[in-house]
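K.L.:
My file is protein25.pdb. It has PDB, C-alpha atoms, pLDDT in the B column:
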```pdb
ATOM      1  CA  MET A   1      -8.078  26.256  49.990  1.00 51.00           C
ATOM      2  CA  ARG A   2     -11.192  27.319  48.098  1.00 53.00           C
ATOM      3  CA  TYR A   3      -9.364  30.284  46.495  1.00 45.00           C
ATOM      4  CA  THR A   4      -6.372  28.069  45.692  1.00 43.00           C
ATOM      5  CA  ILE A   5      -8.572  25.596  43.856  1.00 46.00           C
ATOM      6  CA  VAL A   6     -10.253  28.402  41.891  1.00 42.00           C
ATOM      7  CA  PHE A   7      -6.849  29.883  41.001  1.00 41.00           C
ATOM      8  CA  VAL A   8      -5.474  26.527  39.822  1.00 39.00           C
ATOM      9  CA  PHE A   9      -8.607  25.920  37.782  1.00 45.00           C
ATOM     10  CA  PHE A  10      -8.382  29.245  35.968  1.00 47.00           C
ATOM     11  CA  ALA A  11      -4.617  28.872  35.531  1.00 44.00           C
ATOM     12  CA  CYS A  12      -5.031  25.436  33.948  1.00 45.00           C
ATOM     13  CA  THR A  13      -7.801  26.730  31.717  1.00 45.00           C
ATOM     14  CA  HIS A  14      -5.645  29.651  30.619  1.00 44.00           C
ATOM     15  CA  PHE A  15      -2.597  27.531  29.811  1.00 40.00           C
ATOM     16  CA  SER A  16      -4.711  24.889  28.066  1.00 43.00           C
ATOM     17  CA  SER A  17      -6.330  27.550  25.898  1.00 46.00           C
ATOM     18  CA  HIS A  18      -2.928  29.069  25.178  1.00 44.00           C
ATOM     19  CA  ALA A  19      -1.482  25.674  24.244  1.00 43.00           C
ATOM     20  CA  GLN A  20      -4.323  25.059  21.810  1.00 52.00           C
ATOM     21  CA  ARG A  21      -3.494  28.324  20.062  1.00 69.00           C
ATOM     22  CA  ILE A  22       0.193  27.405  19.595  1.00 89.00           C
ATOM     23  CA  LEU A  23       0.780  26.677  15.912  1.00 92.00           C
ATOM     24  CA  ASN A  24       3.562  24.180  15.350  1.00 94.00           C
ATOM     25  CA  LEU A  25       5.670  24.644  12.203  1.00 92.00           C
ATOM     26  CA  PRO A  26       3.602  27.666  11.097  1.00 91.00           C
ATOM     27  CA  THR A  27       5.390  28.105   7.737  1.00 91.00           C
ATOM     28  CA  TYR A  28       5.557  24.439   6.826  1.00 91.00           C
ATOM     29  CA  THR A  29       2.805  24.404   4.186  1.00 88.00           C
ATOM     30  CA  SER A  30       4.332  27.408   2.411  1.00 89.00           C
ATOM     31  CA  LYS A  31       7.700  25.715   1.787  1.00 92.00           C
ATOM     32  CA  PRO A  32       8.378  24.849  -1.877  1.00 94.00           C
ATOM     33  CA  TYR A  33       9.633  21.342  -1.118  1.00 94.00           C
ATOM     34  CA  HIS A  34      10.448  19.006   1.750  1.00 93.00           C
ATOM     35  CA  PHE A  35      11.515  15.416   2.384  1.00 96.00           C
ATOM     36  CA  GLY A  36      10.815  12.574   4.789  1.00 96.00           C
ATOM     37  CA  PHE A  37      10.371   8.846   5.126  1.00 97.00           C
ATOM     38  CA  TYR A  38       7.643   6.337   5.879  1.00 97.00           C
ATOM     39  CA  ILE A  39       7.203   2.808   7.197  1.00 97.00           C
ATOM     40  CA  GLY A  40       4.137   0.642   6.906  1.00 97.00           C
ATOM     41  CA  ILE A  41       2.348  -2.672   6.563  1.00 97.00           C
ATOM     42  CA  ASN A  42       1.021  -3.844   3.213  1.00 97.00           C
ATOM     43  CA  TRP A  43      -1.507  -6.423   2.086  1.00 96.00           C
ATOM     44  CA  TYR A  44      -0.911  -7.517  -1.514  1.00 95.00           C
ATOM     45  CA  ASN A  45      -3.356  -9.824  -3.245  1.00 93.00           C
ATOM     46  CA  PHE A  46      -4.067 -11.268  -6.687  1.00 92.00           C
ATOM     47  CA  HIS A  47      -7.266 -10.518  -8.553  1.00 92.00           C
ATOM     48  CA  ILE A  48      -7.616 -13.642 -10.716  1.00 89.00           C
ATOM     49  CA  GLN A  49      -9.875 -13.628 -13.769  1.00 88.00           C
ATOM     50  CA  HIS A  50     -10.706 -17.081 -15.133  1.00 83.00           C
ATOM     51  CA  HIS A  51     -11.675 -18.026 -18.644  1.00 81.00           C
ATOM     52  CA  PRO A  52     -15.470 -17.911 -19.002  1.00 78.00           C
ATOM     53  CA  ASP A  53     -15.828 -21.538 -20.117  1.00 73.00           C
ATOM     54  CA  PHE A  54     -14.469 -23.955 -17.522  1.00 63.00           C
ATOM     55  CA  ASN A  55     -15.386 -26.951 -19.700  1.00 66.00           C
ATOM     56  CA  GLN A  56     -12.527 -26.168 -22.063  1.00 70.00           C
ATOM     57  CA  PHE A  57     -10.009 -26.907 -19.314  1.00 67.00           C
ATOM     58  CA  PRO A  58     -10.660 -30.313 -17.735  1.00 69.00           C
ATOM     59  CA  GLY A  59      -8.762 -31.024 -14.547  1.00 72.00           C
ATOM     60  CA  TYR A  60      -8.812 -27.432 -13.302  1.00 74.00           C
ATOM     61  CA  TYR A  61     -11.434 -26.253 -10.820  1.00 75.00           C
ATOM     62  CA  SER A  62     -10.490 -23.030  -8.997  1.00 77.00           C
ATOM     63  CA  THR A  63      -7.751 -20.906  -7.455  1.00 82.00           C
ATOM     64  CA  LEU A  64      -8.129 -19.153  -4.091  1.00 85.00           C
ATOM     65  CA  THR A  65      -5.741 -16.489  -2.822  1.00 89.00           C
ATOM     66  CA  PHE A  66      -4.872 -15.674   0.783  1.00 88.00           C
ATOM     67  CA  VAL A  67      -3.257 -12.456   1.940  1.00 88.00           C
ATOM     68  CA  GLU A  68      -0.339 -12.289   4.354  1.00 88.00           C
ATOM     69  CA  PRO A  69       0.934  -8.906   5.604  1.00 94.00           C
ATOM     70  CA  GLY A  70       4.242  -7.543   4.379  1.00 95.00           C
ATOM     71  CA  TYR A  71       6.284  -4.450   5.127  1.00 96.00           C
ATOM     72  CA  HIS A  72       7.042  -1.148   3.413  1.00 96.00           C
ATOM     73  CA  VAL A  73       9.973   1.261   3.804  1.00 97.00           C
ATOM     74  CA  GLY A  74      10.231   4.377   1.666  1.00 97.00           C
ATOM     75  CA  ILE A  75      11.331   7.983   1.322  1.00 97.00           C
ATOM     76  CA  ILE A  76       9.229  11.051   0.544  1.00 96.00           C
ATOM     77  CA  SER A  77      10.015  13.947  -1.755  1.00 96.00           C
ATOM     78  CA  ASP A  78       7.304  16.594  -1.909  1.00 96.00           C
ATOM     79  CA  LEU A  79       7.056  19.558  -4.288  1.00 97.00           C
ATOM     80  CA  LYS A  80       4.455  22.287  -3.763  1.00 96.00           C
ATOM     81  CA  LEU A  81       2.647  23.145  -7.012  1.00 96.00           C
ATOM     82  CA  VAL A  82      -0.003  25.574  -5.744  1.00 95.00           C
ATOM     83  CA  ASN A  83      -1.827  26.052  -2.463  1.00 93.00           C
ATOM     84  CA  HIS A  84      -3.307  22.741  -1.260  1.00 94.00           C
ATOM     85  CA  LEU A  85      -1.781  20.766  -4.167  1.00 96.00           C
ATOM     86  CA  ASN A  86       1.567  18.953  -4.040  1.00 97.00           C
ATOM     87  CA  LEU A  87       3.397  16.544  -6.321  1.00 97.00           C
ATOM     88  CA  ARG A  88       5.057  13.649  -4.507  1.00 97.00           C
ATOM     89  CA  PHE A  89       7.581  10.984  -5.511  1.00 97.00           C
ATOM     90  CA  ASN A  90       7.819   8.252  -2.870  1.00 96.00           C
ATOM     91  CA  PRO A  91      10.200   5.437  -3.896  1.00 97.00           C
ATOM     92  CA  ALA A  92      10.021   2.426  -1.603  1.00 97.00           C
ATOM     93  CA  PHE A  93      11.054  -1.147  -0.982  1.00 97.00           C
ATOM     94  CA  ALA A  94       8.264  -3.597  -0.178  1.00 97.00           C
ATOM     95  CA  ALA A  95       8.218  -7.289   0.635  1.00 95.00           C
ATOM     96  CA  THR A  96       5.221  -9.606   0.752  1.00 94.00           C
ATOM     97  CA  VAL A  97       4.020 -13.201   0.307  1.00 93.00           C
ATOM     98  CA  ARG A  98       0.828 -14.281  -1.439  1.00 91.00           C
ATOM     99  CA  ARG A  99      -0.510 -17.782  -0.911  1.00 91.00           C
ATOM    100  CA  LEU A 100      -2.572 -19.609  -3.510  1.00 88.00           C
ATOM    101  CA  GLU A 101      -4.607 -22.805  -3.166  1.00 87.00           C
ATOM    102  CA  ILE A 102      -5.174 -24.385  -6.564  1.00 82.00           C
ATOM    103  CA  ASP A 103      -7.878 -27.007  -6.888  1.00 82.00           C
ATOM    104  CA  ALA A 104      -6.871 -29.271  -9.783  1.00 76.00           C
ATOM    105  CA  PHE A 105      -6.639 -32.895 -10.891  1.00 72.00           C
ATOM    106  CA  ASN A 106      -3.453 -34.724  -9.903  1.00 71.00           C
ATOM    107  CA  PRO A 107      -2.529 -37.126 -12.746  1.00 68.00           C
ATOM    108  CA  ASN A 108       0.152 -38.838 -10.646  1.00 65.00           C
ATOM    109  CA  PHE A 109      -2.364 -40.118  -8.089  1.00 62.00           C
ATOM    110  CA  MET A 110      -5.456 -39.944 -10.306  1.00 69.00           C
ATOM    111  CA  ARG A 111      -7.332 -37.732  -7.852  1.00 71.00           C
ATOM    112  CA  ARG A 112      -8.372 -34.155  -7.207  1.00 80.00           C
ATOM    113  CA  ASP A 113      -5.845 -32.287  -5.021  1.00 79.00           C
ATOM    114  CA  ILE A 114      -5.208 -28.875  -3.496  1.00 83.00           C
ATOM    115  CA  TYR A 115      -1.864 -27.421  -4.528  1.00 81.00           C
ATOM    116  CA  VAL A 116      -0.496 -24.742  -2.196  1.00 87.00           C
ATOM    117  CA  LYS A 117       1.836 -22.204  -3.806  1.00 86.00           C
ATOM    118  CA  ASP A 118       3.566 -19.287  -2.071  1.00 89.00           C
ATOM    119  CA  VAL A 119       4.538 -16.379  -4.302  1.00 90.00           C
ATOM    120  CA  GLU A 120       7.194 -14.214  -2.671  1.00 92.00           C
ATOM    121  CA  SER A 121       7.801 -10.713  -3.967  1.00 93.00           C
ATOM    122  CA  SER A 122      10.379  -8.016  -3.238  1.00 95.00           C
ATOM    123  CA  PHE A 123       9.295  -4.807  -4.897  1.00 95.00           C
ATOM    124  CA  VAL A 124      11.105  -1.649  -5.845  1.00 97.00           C
ATOM    125  CA  GLU A 125       8.223   0.804  -6.067  1.00 97.00           C
ATOM    126  CA  LEU A 126       8.282   4.095  -7.973  1.00 97.00           C
ATOM    127  CA  PRO A 127       5.018   5.956  -7.261  1.00 96.00           C
ATOM    128  CA  PHE A 128       4.107   9.459  -8.412  1.00 97.00           C
ATOM    129  CA  GLU A 129       1.052  11.034  -6.807  1.00 97.00           C
ATOM    130  CA  LEU A 130      -0.819  14.275  -6.324  1.00 98.00           C
ATOM    131  CA  LYS A 131      -1.731  15.299  -2.795  1.00 97.00           C
ATOM    132  CA  PHE A 132      -4.839  17.464  -2.279  1.00 97.00           C
ATOM    133  CA  SER A 133      -4.880  19.047   1.199  1.00 96.00           C
ATOM    134  CA  SER A 134      -7.590  20.783   3.170  1.00 94.00           C
ATOM    135  CA  LYS A 135      -7.163  24.115   4.884  1.00 93.00           C
ATOM    136  CA  ARG A 136      -5.037  23.730   7.979  1.00 92.00           C
ATOM    137  CA  LEU A 137      -7.029  23.719  11.238  1.00 92.00           C
ATOM    138  CA  GLY A 138      -4.589  24.380  14.060  1.00 92.00           C
ATOM    139  CA  ASN A 139      -2.063  21.572  13.967  1.00 95.00           C
ATOM    140  CA  TYR A 140      -4.124  19.285  11.748  1.00 96.00           C
ATOM    141  CA  LEU A 141      -5.161  18.942   8.139  1.00 95.00           C
ATOM    142  CA  VAL A 142      -6.669  16.117   6.099  1.00 97.00           C
ATOM    143  CA  TYR A 143      -5.702  15.134   2.587  1.00 97.00           C
ATOM    144  CA  VAL A 144      -6.376  12.717  -0.249  1.00 98.00           C
ATOM    145  CA  THR A 145      -3.919  11.376  -2.802  1.00 97.00           C
ATOM    146  CA  GLY A 146      -4.083   9.851  -6.255  1.00 97.00           C
ATOM    147  CA  GLY A 147      -1.476   8.694  -8.726  1.00 97.00           C
ATOM    148  CA  LEU A 148       0.374   5.939 -10.555  1.00 97.00           C
ATOM    149  CA  ARG A 149       2.809   3.335  -9.232  1.00 97.00           C
ATOM    150  CA  TYR A 150       5.386   1.334 -11.192  1.00 97.00           C
ATOM    151  CA  ASN A 151       6.677  -1.869  -9.544  1.00 96.00           C
ATOM    152  CA  ILE A 152       9.730  -4.006 -10.278  1.00 96.00           C
ATOM    153  CA  ASP A 153       9.578  -7.422  -8.601  1.00 95.00           C
ATOM    154  CA  LEU A 154      13.157  -8.417  -7.816  1.00 94.00           C
ATOM    155  CA  ALA A 155      12.027 -11.902  -6.746  1.00 91.00           C
ATOM    156  CA  SER A 156      10.081 -12.664  -9.936  1.00 88.00           C
ATOM    157  CA  GLN A 157      10.789 -16.094 -11.457  1.00 85.00           C
ATOM    158  CA  GLU A 158       9.084 -15.534 -14.785  1.00 83.00           C
ATOM    159  CA  ASP A 159      12.138 -16.791 -16.754  1.00 83.00           C
ATOM    160  CA  VAL A 160      12.744 -19.902 -14.625  1.00 82.00           C
ATOM    161  CA  GLN A 161      12.017 -23.194 -16.406  1.00 79.00           C
ATOM    162  CA  ASP A 162      10.079 -25.053 -13.718  1.00 78.00           C
ATOM    163  CA  ASP A 163       6.476 -26.180 -14.137  1.00 70.00           C
ATOM    164  CA  GLU A 164       6.056 -26.516 -10.356  1.00 75.00           C
ATOM    165  CA  LEU A 165       6.369 -22.758  -9.837  1.00 80.00           C
ATOM    166  CA  PHE A 166       3.515 -20.286  -9.988  1.00 83.00           C
ATOM    167  CA  LYS A 167       5.178 -17.457 -11.892  1.00 87.00           C
ATOM    168  CA  ILE A 168       4.255 -13.803 -12.217  1.00 89.00           C
ATOM    169  CA  ARG A 169       5.799 -11.094 -14.351  1.00 92.00           C
ATOM    170  CA  ARG A 170       8.478  -8.774 -13.065  1.00 94.00           C
ATOM    171  CA  HIS A 171       6.925  -5.436 -14.066  1.00 95.00           C
ATOM    172  CA  ASP A 172       3.605  -4.039 -12.873  1.00 96.00           C
ATOM    173  CA  LEU A 173       1.679  -0.778 -13.169  1.00 96.00           C
ATOM    174  CA  ALA A 174      -1.109   0.337 -10.847  1.00 97.00           C
ATOM    175  CA  TYR A 175      -3.166   3.388  -9.958  1.00 97.00           C
ATOM    176  CA  GLU A 176      -3.584   4.368  -6.318  1.00 97.00           C
ATOM    177  CA  PHE A 177      -5.930   6.345  -4.077  1.00 97.00           C
ATOM    178  CA  GLY A 178      -5.315   7.265  -0.461  1.00 97.00           C
ATOM    179  CA  ALA A 179      -6.226   9.492   2.458  1.00 97.00           C
ATOM    180  CA  GLY A 180      -4.546  10.644   5.638  1.00 97.00           C
ATOM    181  CA  ILE A 181      -4.161  13.238   8.373  1.00 97.00           C
ATOM    182  CA  ASP A 182      -1.188  15.582   8.800  1.00 97.00           C
ATOM    183  CA  ILE A 183      -0.371  16.172  12.472  1.00 96.00           C
ATOM    184  CA  PHE A 184       2.069  19.007  13.137  1.00 96.00           C
ATOM    185  CA  PHE A 185       4.428  18.718  16.089  1.00 95.00           C
ATOM    186  CA  GLU A 186       7.054  21.165  17.256  1.00 92.00           C
ATOM    187  CA  TYR A 187       9.880  19.826  15.086  1.00 93.00           C
ATOM    188  CA  PHE A 188       8.282  17.455  12.565  1.00 94.00           C
ATOM    189  CA  LYS A 189       5.040  16.391  10.892  1.00 96.00           C
ATOM    190  CA  MET A 190       3.580  12.902  11.283  1.00 96.00           C
ATOM    191  CA  SER A 191       0.855  11.460   9.062  1.00 97.00           C
ATOM    192  CA  PRO A 192      -1.036   8.183   9.369  1.00 97.00           C
ATOM    193  CA  GLN A 193      -2.442   7.265   5.977  1.00 97.00           C
ATOM    194  CA  ILE A 194      -4.114   4.406   4.126  1.00 97.00           C
ATOM    195  CA  LYS A 195      -3.796   3.722   0.424  1.00 97.00           C
ATOM    196  CA  ALA A 196      -5.382   1.267  -2.037  1.00 97.00           C
ATOM    197  CA  GLY A 197      -3.776   0.142  -5.293  1.00 97.00           C
ATOM    198  CA  PHE A 198      -5.350  -1.416  -8.408  1.00 97.00           C
ATOM    199  CA  GLY A 199      -3.046  -3.068 -10.931  1.00 96.00           C
ATOM    200  CA  VAL A 200      -3.707  -2.735 -14.667  1.00 95.00           C
ATOM    201  CA  ALA A 201      -0.910  -4.971 -16.052  1.00 94.00           C
ATOM    202  CA  ASN A 202      -1.555  -8.669 -16.634  1.00 93.00           C
ATOM    203  CA  LEU A 203       0.974 -10.577 -14.480  1.00 93.00           C
ATOM    204  CA  LEU A 204       0.121 -14.021 -15.858  1.00 89.00           C
ATOM    205  CA  VAL A 205       3.013 -16.138 -17.138  1.00 88.00           C
ATOM    206  CA  ASN A 206       1.319 -18.775 -19.262  1.00 84.00           C
ATOM    207  CA  ASP A 207       3.877 -21.574 -19.117  1.00 80.00           C
ATOM    208  CA  GLY A 208       1.391 -24.310 -19.973  1.00 75.00           C
ATOM    209  CA  SER A 209       1.224 -25.757 -16.458  1.00 75.00           C
ATOM    210  CA  VAL A 210      -2.050 -26.993 -14.985  1.00 72.00           C
ATOM    211  CA  TYR A 211      -1.886 -24.245 -12.361  1.00 75.00           C
ATOM    212  CA  VAL A 212      -2.602 -21.497 -14.887  1.00 78.00           C
ATOM    213  CA  SER A 213      -4.528 -23.434 -17.533  1.00 75.00           C
ATOM    214  CA  ASN A 214      -7.879 -21.765 -16.823  1.00 81.00           C
ATOM    215  CA  ILE A 215      -6.594 -18.318 -15.793  1.00 84.00           C
ATOM    216  CA  ASP A 216      -7.093 -15.442 -18.225  1.00 86.00           C
ATOM    217  CA  ARG A 217      -5.612 -12.518 -16.267  1.00 91.00           C
ATOM    218  CA  ILE A 218      -3.878 -11.859 -12.948  1.00 92.00           C
ATOM    219  CA  LEU A 219      -4.053  -8.312 -11.593  1.00 95.00           C
ATOM    220  CA  THR A 220      -2.639  -6.777  -8.424  1.00 94.00           C
ATOM    221  CA  ARG A 221      -4.762  -5.480  -5.566  1.00 95.00           C
ATOM    222  CA  SER A 222      -3.091  -3.876  -2.567  1.00 96.00           C
ATOM    223  CA  VAL A 223      -3.700  -1.972   0.647  1.00 96.00           C
ATOM    224  CA  LEU A 224      -1.011  -0.028   2.493  1.00 97.00           C
ATOM    225  CA  PHE A 225      -1.216   1.467   5.970  1.00 97.00           C
ATOM    226  CA  CYS A 226       1.780   3.601   6.830  1.00 97.00           C
ATOM    227  CA  ILE A 227       3.104   6.375   9.059  1.00 97.00           C
ATOM    228  CA  THR A 228       5.047   9.195   7.429  1.00 97.00           C
ATOM    229  CA  PHE A 229       7.529  11.521   9.100  1.00 97.00           C
ATOM    230  CA  GLU A 230       8.432  14.771   7.370  1.00 95.00           C
TER     231      GLU A 230
END
```
Can you give me the file's structure in the form of structure tokens?
P.N.:
Amino acid sequence: MRYTIVFVFFACTHFSSHAQRILNLPTYTSKPYHFGFYIGINWYNFHIQHHPDFNQFPGYYSTLTFVEPGYHVGIISDLKLVNHLNLRFNPAFAATVRRLEIDAFNPNFMRRDIYVKDVESSFVELPFELKFSSKRLGNYLVYVTGGLRYNIDLASQEDVQDDELFKIRRHDLAYEFGAGIDIFFEYFKMSPQIKAGFGVANLLVNDGSVYVSNIDRILTRSVLFCITFE
């Protein structure tokens, strides 16, 4: 029994060591291009910039935003430029809801009220990014990304004539930064990654309503956690 235990121990050690040396998809990083898809959860928010002088806008006090998670579904197209540097185009569909609580004077009841507005968005996203990868260590490598993202909001109501709506513009532009880990399996590569986006386009639709009277700019802020399969 003693010799059997010793034999099993050394056998397990040998096979474990051998398994650690197995390199899955050994030529993957040398391929000129490849494709895949990803799914994820997003958190979109508004970064609201108010006018500096509140006294110019009586009846308006503040606007608070609350984030609700949405979902992301997209495809990946990856082109190798040089070693450790790839160009990626990852078009996606994203859906989300942003909730706003607007503290303003209600002229109908002659009192200060909280107006709750939900802004629903359905985005077609067109992001271009550069992916900088580390040297591969076994079946793992880490990477960072950076690029630009153009959004088209299919649910935008910027042209609707209704003062009760909180409207945002249909088109948006943002820059993004992200990081992740490539994990190589026998037949595919999986990558958990996180990405942050910072909008540069002003989404404010100034329709003269009390809800936007003291707002100067509305910018997008976003976080995306996703899993890619390539």
K.L.:
Hey, what comes out of the PyMOL selection byres ((chain A and resi 223) around 6) on this file? Could you write it as a list of chain:residue names?
P.N.:
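When the PyMOL selection byres ((chain A and resi 223) around 6) is applied to the shown file, the picked residues are A:Asn42, A:Trp43, A:Lys195, A:Ala196, A:Ser222, A:Leu224.
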K.L.:
May I have the selected residues written with C-alpha atoms, as a PDB file, keeping the file's coordinate frame?
P.N.:
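What landed in again-v2.pdb:
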```pdb
ATOM      1  CA  ASN A  42       1.021  -3.844   3.213  1.00 97.00           C
ATOM      2  CA  TRP A  43      -1.507  -6.423   2.086  1.00 96.00           C
ATOM      3  CA  LYS A 195      -3.796   3.722   0.424  1.00 97.00           C
ATOM      4  CA  ALA A 196      -5.382   1.267  -2.037  1.00 97.00           C
ATOM      5  CA  SER A 222      -3.091  -3.876  -2.567  1.00 96.00           C
ATOM      6  CA  LEU A 224      -1.011  -0.028   2.493  1.00 97.00           C
TER       7      LEU A 224
END
```
K.L.:
Applied to the shown file, which residues does the PyMOL selection byres ((chain A and resi 122) around 6) return, written as a list of chain:residue names?
P.N.:
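Output of the PyMOL selection byres ((chain A and resi 122) around 6): A:Ala94, A:Ala95, A:Ser121, A:Phe123, A:Asp153, A:Leu154, A:Ala155.
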K.L.:
Which residue is closest to Leu87 in chain A? Choose from A:Asp172, A:Asp53, A:Glu129, A:Glu68 and count only C-alpha atoms.
P.N.:
A:Glu129
K.L.:
Ranking A:Gly208, A:Gly59, A:Pro32, A:Gly199 by minimum distance to Lys167 in chain A and counting all atoms listed in the file, which one comes first?
P.N.:
A:Gly208
K.L.:
Quick check on the file I pasted: which residues fall under the PyMOL selection byres ((chain A and resi 74) around 10)? Write them as a tab-separated table (two decimals) with C-alpha atoms, in the frame of the given file.
P.N.:
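Written out: out.tsv:
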```
chain	number	residue	atom	x	y	z
A	36	GLY	CA	10.82	12.57	4.79
A	37	PHE	CA	10.37	8.85	5.13
A	38	TYR	CA	7.64	6.34	5.88
A	39	ILE	CA	7.20	2.81	7.20
A	40	GLY	CA	4.14	0.64	6.91
A	72	HIS	CA	7.04	-1.15	3.41
A	73	VAL	CA	9.97	1.26	3.80
A	75	ILE	CA	11.33	7.98	1.32
A	76	ILE	CA	9.23	11.05	0.54
A	90	ASN	CA	7.82	8.25	-2.87
A	91	PRO	CA	10.20	5.44	-3.90
A	92	ALA	CA	10.02	2.43	-1.60
A	93	PHE	CA	11.05	-1.15	-0.98
A	94	ALA	CA	8.26	-3.60	-0.18
A	124	VAL	CA	11.10	-1.65	-5.84
A	125	GLU	CA	8.22	0.80	-6.07
A	126	LEU	CA	8.28	4.10	-7.97
A	226	CYS	CA	1.78	3.60	6.83
A	228	THR	CA	5.05	9.20	7.43
```
K.L.:
Produce range 209-226 of chain A of the given structure as output with N, CA and C atoms, as a PDB file, in the first residue's frame.
P.N.:
```pdb
ATOM      1  N   SER A 209     -38.029  73.283 -21.355  1.00  0.00           N
ATOM      2  CA  SER A 209     -38.780  72.766 -20.211  1.00  0.00           C
ATOM      3  C   SER A 209     -38.025  73.038 -18.919  1.00  0.00           C
ATOM      4  N   VAL A 210     -38.756  72.994 -17.798  1.00  0.00           N
ATOM      5  CA  VAL A 210     -38.146  73.255 -16.500  1.00  0.00           C
ATOM      6  C   VAL A 210     -37.124  72.180 -16.151  1.00  0.00           C
ATOM      7  N   TYR A 211     -37.236  71.011 -16.723  1.00  0.00           N
ATOM      8  CA  TYR A 211     -36.347  69.906 -16.385  1.00  0.00           C
ATOM      9  C   TYR A 211     -34.906  70.155 -16.817  1.00  0.00           C
ATOM     10  N   VAL A 212     -34.722  70.970 -17.833  1.00  0.00           N
ATOM     11  CA  VAL A 212     -33.363  71.201 -18.351  1.00  0.00           C
ATOM     12  C   VAL A 212     -32.963  72.666 -18.231  1.00  0.00           C
ATOM     13  N   SER A 213     -33.733  73.461 -17.519  1.00  0.00           N
ATOM     14  CA  SER A 213     -33.508  74.909 -17.521  1.00  0.00           C
ATOM     15  C   SER A 213     -32.143  75.299 -16.959  1.00  0.00           C
ATOM     16  N   ASN A 214     -31.630  74.552 -15.989  1.00  0.00           N
ATOM     17  CA  ASN A 214     -30.356  74.914 -15.378  1.00  0.00           C
ATOM     18  C   ASN A 214     -29.223  73.955 -15.765  1.00  0.00           C
ATOM     19  N   ILE A 215     -29.426  73.150 -16.784  1.00  0.00           N
ATOM     20  CA  ILE A 215     -28.403  72.201 -17.227  1.00  0.00           C
ATOM     21  C   ILE A 215     -27.631  72.796 -18.398  1.00  0.00           C
ATOM     22  N   ASP A 216     -26.313  72.752 -18.300  1.00  0.00           N
ATOM     23  CA  ASP A 216     -25.450  73.284 -19.357  1.00  0.00           C
ATOM     24  C   ASP A 216     -25.033  72.190 -20.332  1.00  0.00           C
ATOM     25  N   ARG A 217     -24.611  71.037 -19.783  1.00  0.00           N
ATOM     26  CA  ARG A 217     -24.158  69.928 -20.639  1.00  0.00           C
ATOM     27  C   ARG A 217     -24.554  68.596 -20.012  1.00  0.00           C
ATOM     28  N   ILE A 218     -24.804  67.609 -20.864  1.00  0.00           N
ATOM     29  CA  ILE A 218     -25.039  66.234 -20.434  1.00  0.00           C
ATOM     30  C   ILE A 218     -24.075  65.344 -21.201  1.00  0.00           C
ATOM     31  N   LEU A 219     -23.223  64.646 -20.469  1.00  0.00           N
ATOM     32  CA  LEU A 219     -22.227  63.760 -21.077  1.00  0.00           C
ATOM     33  C   LEU A 219     -22.471  62.330 -20.603  1.00  0.00           C
ATOM     34  N   THR A 220     -22.030  61.380 -21.410  1.00  0.00           N
ATOM     35  CA  THR A 220     -22.194  59.966 -21.085  1.00  0.00           C
ATOM     36  C   THR A 220     -21.016  59.457 -20.265  1.00  0.00           C
ATOM     37  N   ARG A 221     -21.325  58.643 -19.276  1.00  0.00           N
ATOM     38  CA  ARG A 221     -20.325  57.857 -18.551  1.00  0.00           C
ATOM     39  C   ARG A 221     -20.814  56.416 -18.541  1.00  0.00           C
ATOM     40  N   SER A 222     -19.918  55.474 -18.774  1.00  0.00           N
ATOM     41  CA  SER A 222     -20.357  54.080 -18.867  1.00  0.00           C
ATOM     42  C   SER A 222     -19.287  53.122 -18.368  1.00  0.00           C
ATOM     43  N   VAL A 223     -19.753  51.980 -17.890  1.00  0.00           N
ATOM     44  CA  VAL A 223     -18.890  50.863 -17.514  1.00  0.00           C
ATOM     45  C   VAL A 223     -19.479  49.607 -18.126  1.00  0.00           C
ATOM     46  N   LEU A 224     -18.635  48.793 -18.721  1.00  0.00           N
ATOM     47  CA  LEU A 224     -19.063  47.535 -19.333  1.00  0.00           C
ATOM     48  C   LEU A 224     -18.212  46.398 -18.804  1.00  0.00           C
ATOM     49  N   PHE A 225     -18.871  45.361 -18.297  1.00  0.00           N
ATOM     50  CA  PHE A 225     -18.193  44.108 -17.968  1.00  0.00           C
ATOM     51  C   PHE A 225     -18.715  43.054 -18.919  1.00  0.00           C
ATOM     52  N   CYS A 226     -17.811  42.384 -19.625  1.00  0.00           N
ATOM     53  CA  CYS A 226     -18.251  41.414 -20.616  1.00  0.00           C
ATOM     54  C   CYS A 226     -17.310  40.219 -20.674  1.00  0.00           C
TER      55      CYS A 226
END
```
